Amino acid sequence: MTEELPIRKPLRLKDWDYGSGGYYFITICTQEREPHFRRGAHCAPEAGFFPLSEMGKTVERTLLEIPAHYPNVKVDKYVVMPNHIHLILMLGAGDGGRTLCTPTPTLSQVVRMMKETVTKRLGQKIWQKGFYDHIIRNEADYLRIWQYIDTNPAKWVEDE
């Protein structure tokens with residue numbers, strides 16, 4: 001008798017063009033949720049968030065370099081947590097959408113490039129497969145996610 005594996009729910013919205021301009025909320029976790037990016041006292045002491053580890057600095061630097069690889073992609077907001085990152089990416093930044101000269105990459109292409117760059121720089125694989133995304137549909141949604149990213153470090157002990 002073979003045990004049937006659960007059917008995985010698709011992570012992406014059906015019929016959505018993930019290369020279309022817009023804002024996206026992204027969460028990417030480390031393998032086994034290892035706290036590679038920040039260390040110490042559960043990473044959220046009362047005095048403030050612990051500083052980034054060398055791995056965390058590499059992740060942050062790579063995030064900030066995304067527009068150098070994709071000029072029409074903007075990192076609008078981010079936080080590097082101990083074992084995951086949250087960010088708001090804007091695709092089609094400054095070009096009004098796709099153009100013939102510099103086509104807007106898909107969301108998956110941007111995330112894959114970022115994860116691969118970090119992996120090469122560190123010389124080891126640290127990322128969990130895949131990533132979570134949410135299409136930001138309106139200003140209220142955007143503001144709610146911005147607030148979530150701002151307050152997430154203070155909630156690390158609960159999140160852990």
# chains A, B, ... in the order shown; residues from 1 in each chain; ligands from 1
$ residues_around --residues "Phe25 (chain A)" --least-positions-apart "5" --cutoff "12 Å" --atoms "only C-alpha atoms" --output "PyMOL selection string"
chain A and resi 75-79+85-91+107+111+131-137+141-146+148-149
$ closest_residue --among "A:Gly123, A:Pro51, A:Gly21, A:Pro105" --to "Pro67 (chain A)" --atoms "only C-alpha atoms"
A:Pro105
$ residues_around --residues "Val110 (chain A)" --least-positions-apart "4" --cutoff "9 Å" --atoms "only C-alpha atoms" --output "list in words"
Ile66, His69, Tyr70, Val73, Pro105, Thr106, Met114 and Lys115 of chain A
$ write_last_selection --atoms "C-alpha atoms" --output "PDB file, in the first residue's frame"
ATOM      1  CA  ILE A  66      18.506  44.370  -7.823  1.00  0.00           C
ATOM      2  CA  HIS A  69      20.536  44.160 -12.757  1.00  0.00           C
ATOM      3  CA  TYR A  70      16.981  45.181 -13.625  1.00  0.00           C
ATOM      4  CA  VAL A  73      12.605  46.959 -10.863  1.00  0.00           C
ATOM      5  CA  PRO A 105      11.516  40.636 -15.915  1.00  0.00           C
ATOM      6  CA  THR A 106       8.996  38.357 -14.295  1.00  0.00           C
ATOM      7  CA  MET A 114      18.661  37.377  -6.119  1.00  0.00           C
ATOM      8  CA  LYS A 115      18.704  33.910  -4.528  1.00  0.00           C
TER       9      LYS A 115
END
$ residues_around --residues "Arg39 (chain A)" --least-positions-apart "2" --cutoff "7 Å" --atoms "only C-alpha atoms" --output "PyMOL selection string"
chain A and resi 35+37+43+50+53+82
$ atom_distance --atom1 "CA of Gln109 (chain A)" --atom2 "CA of Glu54 (chain A)"
25.0 Å
$ closest_residue --among "A:Tyr24, A:Pro103, A:Glu32, A:Asp150" --to "Lys74 (chain A)" --atoms "only C-alpha atoms"
A:Tyr24
$ atom_distance --atom1 "CA of Met81 (chain A)" --atom2 "CA of Ala68 (chain A)"
23.3 Å
$ select_by_dssp --residues "region 87-146 of chain A" --states "helix (DSSP H, G or I)" --output "number ranges by chain"
A: 107-122, 139-146
$ closest_residue --among "A:Lys129, A:Leu63, A:Thr27, A:Ser108" --to "Asn152 (chain A)" --atoms "only C-alpha atoms"
A:Thr27
$ decode --residues "region 80-92 of chain A" --atoms "all heavy atoms" --output "compact mmCIF listing (two decimals), in the first residue's frame"
# COMPACT_ATOMS: atom_id res chain seq x y z
N VAL A 80 15.40 42.36 6.64
CA VAL A 80 16.11 41.09 6.73
C VAL A 80 15.91 40.59 8.15
O VAL A 80 16.42 41.18 9.10
CB VAL A 80 17.62 41.26 6.39
CG1 VAL A 80 18.33 39.91 6.52
CG2 VAL A 80 17.80 41.84 5.00
N MET A 81 15.15 39.54 8.28
CA MET A 81 14.87 38.91 9.57
C MET A 81 15.93 37.83 9.81
O MET A 81 16.73 37.54 8.92
CB MET A 81 13.46 38.33 9.55
CG MET A 81 12.36 39.35 9.35
SD MET A 81 12.19 40.50 10.73
CE MET A 81 11.53 39.40 11.98
N PRO A 82 15.94 37.19 10.97
CA PRO A 82 16.95 36.15 11.21
C PRO A 82 16.91 34.98 10.23
O PRO A 82 17.94 34.48 9.81
CB PRO A 82 16.64 35.69 12.64
CG PRO A 82 16.06 36.92 13.27
CD PRO A 82 15.22 37.55 12.20
N ASN A 83 15.69 34.55 9.83
CA ASN A 83 15.61 33.38 8.96
C ASN A 83 14.76 33.59 7.71
O ASN A 83 14.39 32.63 7.04
CB ASN A 83 15.09 32.16 9.73
CG ASN A 83 13.67 32.35 10.22
OD1 ASN A 83 13.00 33.33 9.93
ND2 ASN A 83 13.21 31.37 10.99
N HIS A 84 14.43 34.83 7.41
CA HIS A 84 13.66 35.13 6.20
C HIS A 84 13.78 36.61 5.87
O HIS A 84 14.29 37.38 6.68
CB HIS A 84 12.18 34.72 6.35
CG HIS A 84 11.43 35.47 7.40
ND1 HIS A 84 11.54 35.19 8.75
CD2 HIS A 84 10.54 36.49 7.30
CE1 HIS A 84 10.74 36.00 9.43
NE2 HIS A 84 10.13 36.81 8.58
N ILE A 85 13.35 36.94 4.66
CA ILE A 85 13.30 38.35 4.28
C ILE A 85 11.91 38.67 3.77
O ILE A 85 11.21 37.80 3.23
CB ILE A 85 14.36 38.70 3.20
CG1 ILE A 85 14.16 37.87 1.93
CG2 ILE A 85 15.76 38.53 3.73
CD1 ILE A 85 15.08 38.27 0.78
N HIS A 86 11.50 39.90 3.99
CA HIS A 86 10.27 40.44 3.43
C HIS A 86 10.67 41.61 2.55
O HIS A 86 11.54 42.40 2.94
CB HIS A 86 9.33 40.99 4.52
CG HIS A 86 8.79 39.97 5.45
ND1 HIS A 86 7.97 38.94 5.05
CD2 HIS A 86 8.92 39.84 6.79
CE1 HIS A 86 7.63 38.22 6.10
NE2 HIS A 86 8.19 38.75 7.17
N LEU A 87 10.02 41.76 1.41
CA LEU A 87 10.28 42.93 0.59
C LEU A 87 9.08 43.26 -0.28
O LEU A 87 8.24 42.40 -0.55
CB LEU A 87 11.53 42.77 -0.26
CG LEU A 87 11.58 41.66 -1.30
CD1 LEU A 87 12.45 42.10 -2.47
CD2 LEU A 87 12.21 40.42 -0.68
N ILE A 88 9.02 44.53 -0.63
CA ILE A 88 8.06 44.99 -1.62
C ILE A 88 8.87 45.33 -2.86
O ILE A 88 9.77 46.15 -2.81
CB ILE A 88 7.28 46.23 -1.14
CG1 ILE A 88 6.43 45.90 0.10
CG2 ILE A 88 6.39 46.76 -2.27
CD1 ILE A 88 5.74 47.13 0.71
N LEU A 89 8.55 44.63 -3.94
CA LEU A 89 9.19 44.90 -5.23
C LEU A 89 8.20 45.60 -6.14
O LEU A 89 7.02 45.24 -6.17
CB LEU A 89 9.60 43.59 -5.93
CG LEU A 89 10.85 42.89 -5.46
CD1 LEU A 89 11.06 41.61 -6.26
CD2 LEU A 89 12.06 43.78 -5.58
N MET A 90 8.70 46.58 -6.87
CA MET A 90 7.89 47.23 -7.88
C MET A 90 8.47 46.88 -9.23
O MET A 90 9.61 47.22 -9.55
CB MET A 90 7.89 48.75 -7.71
CG MET A 90 7.06 49.44 -8.74
SD MET A 90 7.24 51.23 -8.63
CE MET A 90 6.30 51.71 -10.06
N LEU A 91 7.70 46.14 -10.03
CA LEU A 91 8.10 45.80 -11.40
C LEU A 91 7.58 46.87 -12.33
O LEU A 91 6.46 47.35 -12.16
CB LEU A 91 7.55 44.44 -11.80
CG LEU A 91 8.28 43.29 -11.11
CD1 LEU A 91 7.30 42.40 -10.41
CD2 LEU A 91 9.07 42.52 -12.11
N GLY A 92 8.39 47.23 -13.32
CA GLY A 92 8.00 48.26 -14.27
C GLY A 92 8.26 49.65 -13.73
O GLY A 92 7.69 50.62 -14.20
